[in-house]
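Participant: Attaching a single structure in structure tokens format; questions to follow.
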Amino acid sequence: MAQDPFEWIEDASRRRERAGLVRTLRPRPADSSVLDLAGNDYLGLTRHPEVTSAAGAAARRWGAGATGSRLVTGSTELHAELEAELAAFCGFEAALVLASGYAANLAAVTALSAAGSLIVSDAGNHASIVDGCRLSRARTEIAAHADPDAVRRILDDRPEQRALVVTDSVFSVDGDAAPLEALSGVCREQGAALLVDDAHGLGVLGHGGRGAPYAAGVSGGDGVVATLTLSKSLGAQGGAVLGPARVIAHLVNTARTLIFDTGLAPAAAGAALAALRLLGREPRRAARVRAVARALHGGLTARGLTAVRPDAAVVSVRAPSPGAAVEWAAACRAAGLGVGCFRPPSVPDGVSRLRLTARADLTDEQIARAVSIVAGTAPRPAAG
């Protein structure tokens, strides 16, 4: 008798529902009265007139799409201009733009490792890094979170000659920063390369928002490579890998997410370039978003909630359970505030959270309103 080939999906769906882990898509309108602290528009640039005008101008000049992979027809003069300015701004020799931050991490991890090499990955790294490690065919060891000594021990015991240490600069769950200066020192001692995912650092940390590697004094190092996304602080879409010119040339020839994927749409490249130039003219935006994050954290903890001290723009608030986190986020939305809801398997420690993302364009009144809504809708265990 023929069987339903997708019957297993129903069983998986029921298990998710029982565990409170069902996820749904919720299309948002173009204009909403909800105060958004769920997205990653850290500098408030995604709707900035200069950024949106640049996106439109690029689409009119270059077309709606890149028309092909970067090695065929998908590279425009606009892409090259963006790469040059990204590298100069962040303190690296060269840059390579890809279609997403996820694609950038897959490109960097897989192209800089291989069978017979070692990857040391932080326990709190983003899923794109985890997937890159799985695809790399390298032996992967997970190091204790933000622990340079644990990295040193793994590297010291390795039989492999080649080694790559991979870490987020700012971890997306709790918003804490990696000890990049110490990690860079360990890598130099052990002859390992360091790959830093600066998705949450660009535009927030470093002088004028030049990123976490710049702030730690490691950008431009011979053994240091960084990835970043254009979809957070720069308010656009896409990703990039930054590093020595020889590393970027190697990625052009080996990175599958560059070779076999359509290039970044010109509108996104134009928007990102305009946002980068605007940040260069208005470096105070980086300091402002950090101040907003501290104000949110201070207000929430003063109201008795358990929140992790932010090192950048992410403010994480603990929830008592996955179901409570979902209900809490829904209550916030009903009260006019959008917040992120992080539950397993998105959180490596299994602890559910609300995640608030600070924005440089928030007013003091909006900050107070956000704190009031989150605290006023908190489930009792979360409120202590």
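As shown in the structure tokens, the chain order sets the letters A, B, ...; within each chain, residues go from 1, and ligands are also counted from 1 in the order they appear.
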Determine, counting only C-alpha atoms, which protein, DNA and RNA residues have an atom within 12 Å of an atom of range 100-106 of chain A; residues of the same chain fewer than 4 positions away are not included. Present the result as a compact mmCIF listing (two decimals) with N, CA, C and O atoms, in the first residue's frame.
Facilitator:
# COMPACT_ATOMS: atom_id res chain seq x y z
N ALA A 95 37.80 43.77 0.04
CA ALA A 95 36.47 43.28 0.44
C ALA A 95 35.83 42.58 -0.75
O ALA A 95 36.16 42.84 -1.91
N LEU A 96 34.87 41.72 -0.44
CA LEU A 96 34.11 41.00 -1.46
C LEU A 96 32.66 40.98 -1.03
O LEU A 96 32.33 40.49 0.05
N THR A 110 34.09 28.01 4.54
CA THR A 110 34.43 26.87 3.68
C THR A 110 35.67 27.11 2.84
O THR A 110 36.46 26.19 2.59
N ALA A 111 35.87 28.34 2.39
CA ALA A 111 37.03 28.62 1.53
C ALA A 111 38.34 28.69 2.32
O ALA A 111 39.41 28.49 1.76
N LEU A 112 38.26 28.96 3.64
CA LEU A 112 39.46 29.09 4.45
C LEU A 112 39.75 27.85 5.28
O LEU A 112 40.60 27.87 6.17
N SER A 113 39.02 26.78 5.01
CA SER A 113 39.27 25.50 5.69
C SER A 113 39.04 24.38 4.69
O SER A 113 38.60 24.62 3.57
N ASN A 125 28.21 30.80 18.45
CA ASN A 125 28.25 31.34 17.09
C ASN A 125 26.91 31.20 16.36
O ASN A 125 26.12 30.29 16.64
N HIS A 126 26.72 32.08 15.38
CA HIS A 126 25.50 32.11 14.58
C HIS A 126 25.36 30.85 13.74
O HIS A 126 26.34 30.18 13.39
N ALA A 127 24.12 30.53 13.39
CA ALA A 127 23.82 29.32 12.61
C ALA A 127 24.56 29.29 11.29
O ALA A 127 24.91 28.22 10.79
N SER A 128 24.81 30.43 10.67
CA SER A 128 25.52 30.45 9.39
C SER A 128 26.95 29.97 9.55
O SER A 128 27.51 29.33 8.65
N ILE A 129 27.57 30.26 10.70
CA ILE A 129 28.91 29.76 10.97
C ILE A 129 28.86 28.25 11.22
O ILE A 129 29.70 27.49 10.72
N VAL A 130 27.87 27.82 11.99
CA VAL A 130 27.69 26.39 12.25
C VAL A 130 27.53 25.62 10.94
O VAL A 130 28.16 24.58 10.72
N ASP A 131 26.71 26.15 10.04
CA ASP A 131 26.51 25.48 8.75
C ASP A 131 27.79 25.49 7.92
O ASP A 131 28.10 24.52 7.22
N GLY A 132 28.54 26.59 7.98
CA GLY A 132 29.80 26.64 7.27
C GLY A 132 30.77 25.58 7.77
O GLY A 132 31.47 24.94 6.98
N CYS A 133 30.80 25.40 9.08
CA CYS A 133 31.68 24.36 9.65
C CYS A 133 31.26 22.98 9.15
O CYS A 133 32.10 22.14 8.82
N ARG A 134 29.96 22.72 9.09
CA ARG A 134 29.47 21.42 8.64
C ARG A 134 29.83 21.16 7.18
O ARG A 134 30.13 20.04 6.79
N LEU A 135 29.79 22.22 6.37
CA LEU A 135 30.07 22.06 4.95
C LEU A 135 31.57 22.03 4.64
O LEU A 135 31.96 21.62 3.54
N SER A 136 32.38 22.45 5.56
CA SER A 136 33.80 22.63 5.28
C SER A 136 34.57 21.34 5.15
O SER A 136 35.64 21.31 4.54
N VAL A 166 36.92 30.77 14.62
CA VAL A 166 35.76 31.52 14.13
C VAL A 166 34.92 31.99 15.30
O VAL A 166 34.59 31.19 16.20
N THR A 167 34.55 33.26 15.28
CA THR A 167 33.72 33.80 16.35
C THR A 167 32.85 34.95 15.85
O THR A 167 33.24 35.69 14.94
N ASP A 168 31.67 35.08 16.42
CA ASP A 168 30.91 36.32 16.27
C ASP A 168 31.67 37.42 17.00
O ASP A 168 32.32 37.16 18.01
N LEU A 195 38.74 34.39 12.05
CA LEU A 195 37.60 34.85 11.25
C LEU A 195 36.55 35.41 12.20
O LEU A 195 36.06 34.70 13.08
N VAL A 196 36.19 36.67 11.99
CA VAL A 196 35.25 37.37 12.88
C VAL A 196 34.00 37.75 12.11
O VAL A 196 34.08 38.46 11.10
N ASP A 197 32.85 37.29 12.59
CA ASP A 197 31.57 37.71 12.01
C ASP A 197 31.14 38.99 12.70
O ASP A 197 30.70 38.97 13.86
N ASP A 198 31.26 40.11 12.01
CA ASP A 198 30.97 41.43 12.61
C ASP A 198 29.59 41.95 12.22
O ASP A 198 29.40 43.17 12.12
N ALA A 199 28.64 41.05 12.04
CA ALA A 199 27.30 41.45 11.64
C ALA A 199 26.70 42.47 12.59
O ALA A 199 26.03 43.43 12.17
N HIS A 200 26.91 42.28 13.90
CA HIS A 200 26.30 43.15 14.91
C HIS A 200 27.27 44.20 15.44
O HIS A 200 26.93 44.92 16.38
N VAL A 225 40.39 37.89 9.16
CA VAL A 225 39.35 38.08 8.14
C VAL A 225 38.06 38.40 8.87
O VAL A 225 37.80 37.86 9.96
N ALA A 226 37.24 39.27 8.31
CA ALA A 226 35.96 39.60 8.91
C ALA A 226 34.85 39.41 7.88
O ALA A 226 35.05 39.58 6.68
N THR A 227 33.68 39.04 8.38
CA THR A 227 32.47 39.05 7.56
C THR A 227 31.51 40.05 8.18
O THR A 227 31.60 40.36 9.37
N LEU A 228 30.60 40.53 7.38
CA LEU A 228 29.59 41.45 7.90
C LEU A 228 28.36 41.39 7.02
O LEU A 228 28.36 40.78 5.95
N THR A 229 27.31 42.00 7.51
CA THR A 229 26.07 42.08 6.73
C THR A 229 25.77 43.53 6.42
O THR A 229 26.11 44.42 7.20
N LEU A 230 25.14 43.75 5.29
CA LEU A 230 24.72 45.09 4.90
C LEU A 230 23.28 45.37 5.31
O LEU A 230 22.74 46.43 5.02
N SER A 231 22.66 44.41 6.00
CA SER A 231 21.22 44.48 6.27
C SER A 231 20.88 44.95 7.67
O SER A 231 19.70 45.02 8.02
N LYS A 232 21.88 45.26 8.48
CA LYS A 232 21.61 45.73 9.85
C LYS A 232 21.89 47.22 9.95
O LYS A 232 21.05 48.04 9.64
N ALA A 236 20.33 47.88 4.39
CA ALA A 236 20.10 47.43 3.01
C ALA A 236 19.95 45.91 2.99
O ALA A 236 19.12 45.34 3.70
N GLN A 237 20.74 45.24 2.17
CA GLN A 237 20.71 43.80 2.02
C GLN A 237 22.07 43.36 1.52
O GLN A 237 22.77 44.12 0.85
N GLY A 238 22.47 42.14 1.86
CA GLY A 238 23.73 41.62 1.36
C GLY A 238 24.74 41.38 2.46
O GLY A 238 24.48 41.62 3.64
N GLY A 239 25.90 40.88 2.07
CA GLY A 239 26.97 40.62 3.02
C GLY A 239 28.31 40.86 2.37
O GLY A 239 28.40 41.14 1.17
N ALA A 240 29.37 40.76 3.16
CA ALA A 240 30.72 40.98 2.61
C ALA A 240 31.74 40.24 3.44
O ALA A 240 31.54 39.98 4.63
N VAL A 241 32.86 39.91 2.80
CA VAL A 241 34.04 39.37 3.47
C VAL A 241 35.15 40.39 3.30
O VAL A 241 35.38 40.89 2.19
N LEU A 242 35.86 40.70 4.39
CA LEU A 242 36.94 41.67 4.37
C LEU A 242 38.21 41.01 4.87
O LEU A 242 38.18 40.20 5.81
N ILE A 248 40.90 37.52 -0.31
CA ILE A 248 39.74 37.86 -1.14
C ILE A 248 39.88 37.24 -2.53
O ILE A 248 38.91 36.71 -3.09
N LEU A 251 38.91 33.65 -2.32
CA LEU A 251 37.45 33.46 -2.25
C LEU A 251 36.80 33.60 -3.62
O LEU A 251 35.87 32.86 -3.95
N VAL A 252 37.28 34.54 -4.42
CA VAL A 252 36.73 34.72 -5.76
C VAL A 252 36.85 33.43 -6.57
O VAL A 252 35.98 33.10 -7.39
N THR A 254 37.20 30.25 -5.16
CA THR A 254 36.82 29.01 -4.48
C THR A 254 35.48 29.06 -3.74
O THR A 254 34.92 28.00 -3.45
N ALA A 255 34.99 30.22 -3.41
CA ALA A 255 33.79 30.31 -2.57
C ALA A 255 32.53 30.00 -3.38
O ALA A 255 32.16 30.75 -4.29
N ARG A 256 31.87 28.91 -3.04
CA ARG A 256 30.73 28.46 -3.84
C ARG A 256 29.55 29.42 -3.76
O ARG A 256 28.80 29.56 -4.73
N THR A 257 29.36 30.09 -2.63
CA THR A 257 28.23 31.03 -2.53
C THR A 257 28.48 32.31 -3.31
O THR A 257 27.56 33.11 -3.49
N LEU A 258 29.70 32.52 -3.78
CA LEU A 258 29.97 33.61 -4.73
C LEU A 258 29.87 33.09 -6.16
O LEU A 258 29.19 33.68 -6.99
N ILE A 259 30.50 31.96 -6.43
CA ILE A 259 30.61 31.45 -7.80
C ILE A 259 29.26 31.03 -8.36
O ILE A 259 28.96 31.27 -9.54
N PHE A 260 28.41 30.43 -7.53
CA PHE A 260 27.18 29.83 -8.03
C PHE A 260 25.91 30.58 -7.63
O PHE A 260 24.82 30.06 -7.80
N ASP A 261 26.04 31.77 -7.08
CA ASP A 261 24.87 32.55 -6.68
C ASP A 261 24.82 33.85 -7.47
O ASP A 261 25.86 34.41 -7.84
N THR A 262 23.61 34.31 -7.75
CA THR A 262 23.45 35.59 -8.43
C THR A 262 23.99 36.72 -7.55
O THR A 262 23.82 36.70 -6.32
N GLY A 263 24.63 37.68 -8.16
CA GLY A 263 25.20 38.80 -7.41
C GLY A 263 24.15 39.63 -6.70
O GLY A 263 22.96 39.58 -7.01
N LEU A 264 24.61 40.41 -5.74
CA LEU A 264 23.73 41.29 -4.98
C LEU A 264 23.05 42.27 -5.92
O LEU A 264 23.68 42.85 -6.81
N ALA A 265 21.74 42.48 -5.73
CA ALA A 265 20.98 43.40 -6.58
C ALA A 265 21.56 44.81 -6.48
O ALA A 265 21.94 45.27 -5.40
N ALA A 268 20.33 47.18 -3.69
CA ALA A 268 20.86 46.93 -2.36
C ALA A 268 22.29 47.46 -2.24
O ALA A 268 22.67 48.04 -1.21
N ALA A 269 23.09 47.26 -3.28
CA ALA A 269 24.47 47.77 -3.26
C ALA A 269 24.48 49.30 -3.17
O ALA A 269 25.25 49.89 -2.41
Participant: Return as CSV the residues of range 142-184 of chain A lying at most 12 Å from range 322-344 of chain A, together with the closest atom-to-atom pair for each and the distance in Å to one decimal, counting only C-alpha atoms, with rows in chain order and ascending residue number.
Facilitator:
residue,atom,partner,partner_atom,distance
A:Ser172,CA,A:Phe342,CA,10.1
A:Val173,CA,A:Phe342,CA,7.6
A:Asp174,CA,A:Phe342,CA,10.2
Participant: Got time to write the residues from that selection, N, CA and C atoms, as an mmCIF file, in the first residue's frame?
Facilitator:
data_model
loop_
_atom_site.group_PDB
_atom_site.id
_atom_site.type_symbol
_atom_site.label_atom_id
_atom_site.label_comp_id
_atom_site.auth_asym_id
_atom_site.auth_seq_id
_atom_site.Cartn_x
_atom_site.Cartn_y
_atom_site.Cartn_z
ATOM 1 N N SER A 172 24.468 37.321 18.808
ATOM 2 C CA SER A 172 23.132 37.835 18.511
ATOM 3 C C SER A 172 22.093 37.499 19.566
ATOM 4 N N VAL A 173 22.342 36.499 20.408
ATOM 5 C CA VAL A 173 21.335 36.112 21.405
ATOM 6 C C VAL A 173 21.351 37.056 22.605
ATOM 7 N N ASP A 174 22.524 37.219 23.227
ATOM 8 C CA ASP A 174 22.610 38.047 24.435
ATOM 9 C C ASP A 174 23.259 39.406 24.206
#
Participant: Residues of range 148-321 of chain A in strand (DSSP E or B) according to DSSP, as a PyMOL selection string?
Facilitator: chain A and resi 163-168+170+177+193-197+224-229+239-243+262+307+314-318
Participant: Using the chain letters and numbers from this document, which residues of range 20-252 of chain A does DSSP assign to helix (DSSP H, G or I), as a ChimeraX atom specification?
Facilitator: /A:49-62,77-90,101-111,127-136,148-156,180-190,207-209,212-216,245-252
Participant: Set the distance at 9 Å and use only C-alpha atoms: which residues neighbour Leu82 in chain A once local chain neighbours fewer than 5 positions away are removed? I'd like the list as a PyMOL selection string.
Facilitator: chain A and resi 77+87+95+97+269-270+272-273+276
Participant: Suppose we keep N, CA, C and O atoms; can you now write the selection as a PDB file, in the first residue's frame?
Facilitator:
ATOM      1  N   GLU A  77      30.254  48.190 -11.641  1.00  0.00           N
ATOM      2  CA  GLU A  77      31.164  49.190 -11.073  1.00  0.00           C
ATOM      3  C   GLU A  77      30.692  49.605  -9.681  1.00  0.00           C
ATOM      4  O   GLU A  77      31.512  49.955  -8.818  1.00  0.00           O
ATOM      5  N   ALA A  87      36.114  48.245   2.658  1.00  0.00           N
ATOM      6  CA  ALA A  87      37.436  47.860   3.130  1.00  0.00           C
ATOM      7  C   ALA A  87      38.148  49.042   3.781  1.00  0.00           C
ATOM      8  O   ALA A  87      38.722  48.910   4.876  1.00  0.00           O
ATOM      9  N   ALA A  95      37.795  43.768   0.044  1.00  0.00           N
ATOM     10  CA  ALA A  95      36.475  43.275   0.436  1.00  0.00           C
ATOM     11  C   ALA A  95      35.825  42.584  -0.751  1.00  0.00           C
ATOM     12  O   ALA A  95      36.159  42.838  -1.913  1.00  0.00           O
ATOM     13  N   VAL A  97      31.767  41.506  -1.880  1.00  0.00           N
ATOM     14  CA  VAL A  97      30.341  41.597  -1.559  1.00  0.00           C
ATOM     15  C   VAL A  97      29.603  40.369  -2.082  1.00  0.00           C
ATOM     16  O   VAL A  97      29.819  39.945  -3.222  1.00  0.00           O
ATOM     17  N   ALA A 269      23.091  47.265  -3.278  1.00  0.00           N
ATOM     18  CA  ALA A 269      24.466  47.775  -3.257  1.00  0.00           C
ATOM     19  C   ALA A 269      24.477  49.297  -3.172  1.00  0.00           C
ATOM     20  O   ALA A 269      25.255  49.886  -2.412  1.00  0.00           O
ATOM     21  N   GLY A 270      23.602  49.942  -3.945  1.00  0.00           N
ATOM     22  CA  GLY A 270      23.525  51.400  -3.910  1.00  0.00           C
ATOM     23  C   GLY A 270      23.068  51.918  -2.562  1.00  0.00           C
ATOM     24  O   GLY A 270      23.595  52.912  -2.043  1.00  0.00           O
ATOM     25  N   ALA A 272      23.376  50.371   0.381  1.00  0.00           N
ATOM     26  CA  ALA A 272      24.428  50.134   1.368  1.00  0.00           C
ATOM     27  C   ALA A 272      25.551  51.158   1.248  1.00  0.00           C
ATOM     28  O   ALA A 272      26.080  51.641   2.257  1.00  0.00           O
ATOM     29  N   LEU A 273      25.912  51.504   0.014  1.00  0.00           N
ATOM     30  CA  LEU A 273      26.975  52.486  -0.193  1.00  0.00           C
ATOM     31  C   LEU A 273      26.559  53.860   0.321  1.00  0.00           C
ATOM     32  O   LEU A 273      27.345  54.559   0.978  1.00  0.00           O
ATOM     33  N   LEU A 276      26.692  53.751   4.121  1.00  0.00           N
ATOM     34  CA  LEU A 276      28.075  53.779   4.601  1.00  0.00           C
ATOM     35  C   LEU A 276      28.631  55.201   4.556  1.00  0.00           C
ATOM     36  O   LEU A 276      29.300  55.656   5.504  1.00  0.00           O
TER      37      LEU A 276
END
Participant: Tell me, in Å to one decimal, how far CA of Gly220 in chain A is from CA of Pro179 in chain A.
Facilitator: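 That distance, rounded to one decimal, is 17.0 Å.
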Participant: Determine the nearest neighbour of Arg47 in chain A from the options A:Ala358, A:Ala84, A:Val289, A:Leu234, counting only C-alpha atoms.
Facilitator: A:Leu234
Participant: Just want the 6 Å neighbourhood of range 145-148 of chain A, counted on only C-alpha atoms, with same-chain residues fewer than 4 positions away dropped. Output as an mmCIF file with C-alpha atoms, in the first residue's frame.
Facilitator:
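Writing done, so here's out_6.cif:
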data_model
loop_
_atom_site.group_PDB
_atom_site.id
_atom_site.type_symbol
_atom_site.label_atom_id
_atom_site.label_comp_id
_atom_site.auth_asym_id
_atom_site.auth_seq_id
_atom_site.Cartn_x
_atom_site.Cartn_y
_atom_site.Cartn_z
ATOM 1 C CA ASP A 122 32.694 29.506 19.680
ATOM 2 C CA ALA A 123 29.748 27.749 21.351
ATOM 3 C CA GLY A 124 27.560 30.816 20.794
ATOM 4 C CA ALA A 178 33.846 38.467 21.988
ATOM 5 C CA LEU A 183 41.654 35.762 20.589
#
Participant: Between A:Leu45, A:Ala291, A:Ala163, A:Val314, which is the closest to Ile367 in chain A once you count only C-alpha atoms?
Facilitator: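 Looking only at the distances to Ile367 in chain A, the closest residue turns out to be A:Ala291.
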Participant: Just checking: using only C-alpha atoms, which residue out of A:Cys90, A:Ile373, A:Ala312, A:Leu279 ends up closest to His48 in chain A?
Facilitator: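 Closest candidate: A:Leu279.
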Participant: Could you pull the residues within 12 Å of Arg28 in chain A, counting only C-alpha atoms, minus those fewer than 6 positions along the same chain, as a PyMOL selection string?
Facilitator: chain A and resi 34+36+39+338
Participant: Give the answer as one residue: which of A:His250, A:Arg369, A:Arg210, A:Arg353 has the shortest atom-to-atom distance to Ala108 in chain A, using only C-alpha atoms?
Facilitator: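 Result for the nearest residue to Ala108 in chain A: A:His250.
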Participant: To one decimal place in Å, what is the distance between CA of Gly206 in chain A and CA of Glu93 in chain A?
Facilitator: 17.5 Å
Participant: Name all residues at most 12 Å from Arg281 in chain A (count only C-alpha atoms; drop same-chain ones fewer than 4 positions away) and give them as a short mmCIF file (atom, residue, chain, number, x, y, z; two decimals) with all heavy atoms, in the first residue's frame.
Facilitator:
data_model
loop_
_atom_site.label_atom_id
_atom_site.label_comp_id
_atom_site.auth_asym_id
_atom_site.auth_seq_id
_atom_site.Cartn_x
_atom_site.Cartn_y
_atom_site.Cartn_z
N PHE A 89 36.86 51.80 5.08
CA PHE A 89 36.16 52.24 6.29
C PHE A 89 36.48 51.33 7.48
O PHE A 89 36.70 51.81 8.60
CB PHE A 89 34.65 52.27 6.04
CG PHE A 89 33.84 52.80 7.19
CD1 PHE A 89 33.74 54.16 7.43
CD2 PHE A 89 33.17 51.93 8.05
CE1 PHE A 89 32.98 54.65 8.50
CE2 PHE A 89 32.41 52.40 9.12
CZ PHE A 89 32.32 53.77 9.34
N GLY A 208 33.49 55.73 15.18
CA GLY A 208 32.53 56.07 14.13
C GLY A 208 31.79 54.89 13.57
O GLY A 208 31.24 54.97 12.47
N GLY A 209 31.76 53.75 14.31
CA GLY A 209 31.03 52.57 13.83
C GLY A 209 31.82 51.70 12.88
O GLY A 209 31.24 50.94 12.10
N ALA A 274 25.31 54.24 0.08
CA ALA A 274 24.82 55.52 0.58
C ALA A 274 24.79 55.53 2.11
O ALA A 274 25.15 56.54 2.73
CB ALA A 274 23.42 55.79 0.03
N ALA A 275 24.37 54.43 2.72
CA ALA A 275 24.33 54.35 4.18
C ALA A 275 25.74 54.42 4.77
O ALA A 275 25.97 55.06 5.80
CB ALA A 275 23.64 53.06 4.61
N LEU A 276 26.69 53.75 4.12
CA LEU A 276 28.08 53.78 4.60
C LEU A 276 28.63 55.20 4.56
O LEU A 276 29.30 55.66 5.50
CB LEU A 276 28.92 52.84 3.75
CG LEU A 276 30.39 52.68 4.16
CD1 LEU A 276 30.50 51.99 5.51
CD2 LEU A 276 31.15 51.88 3.09
N ARG A 277 28.36 55.91 3.48
CA ARG A 277 28.84 57.29 3.37
C ARG A 277 28.16 58.19 4.39
O ARG A 277 28.79 59.08 4.96
CB ARG A 277 28.61 57.79 1.95
CG ARG A 277 29.51 57.11 0.93
CD ARG A 277 29.12 57.45 -0.50
NE ARG A 277 30.10 56.90 -1.45
CZ ARG A 277 29.93 56.91 -2.78
NH1 ARG A 277 28.82 57.45 -3.31
NH2 ARG A 277 30.86 56.40 -3.57
N ARG A 285 26.01 58.57 15.19
CA ARG A 285 24.96 57.55 15.21
C ARG A 285 25.41 56.30 15.95
O ARG A 285 24.62 55.65 16.63
CB ARG A 285 24.54 57.19 13.78
CG ARG A 285 23.73 58.27 13.08
CD ARG A 285 23.37 57.87 11.67
NE ARG A 285 22.61 58.91 10.99
CZ ARG A 285 21.28 58.95 10.93
NH1 ARG A 285 20.57 57.99 11.48
NH2 ARG A 285 20.66 59.93 10.30
N ALA A 286 26.68 55.94 15.81
CA ALA A 286 27.19 54.75 16.49
C ALA A 286 27.16 54.93 18.00
O ALA A 286 26.74 54.02 18.75
CB ALA A 286 28.61 54.45 16.03
#
Participant: Identify, on the basis of only C-alpha atoms, every residue whose closest approach to Asp361 in chain A does not exceed 7 Å; exclude the query and any residue fewer than 2 positions from it along the same chain; express the result as a VMD selection string.
Facilitator: chain A and resid 43 to 44 359 363
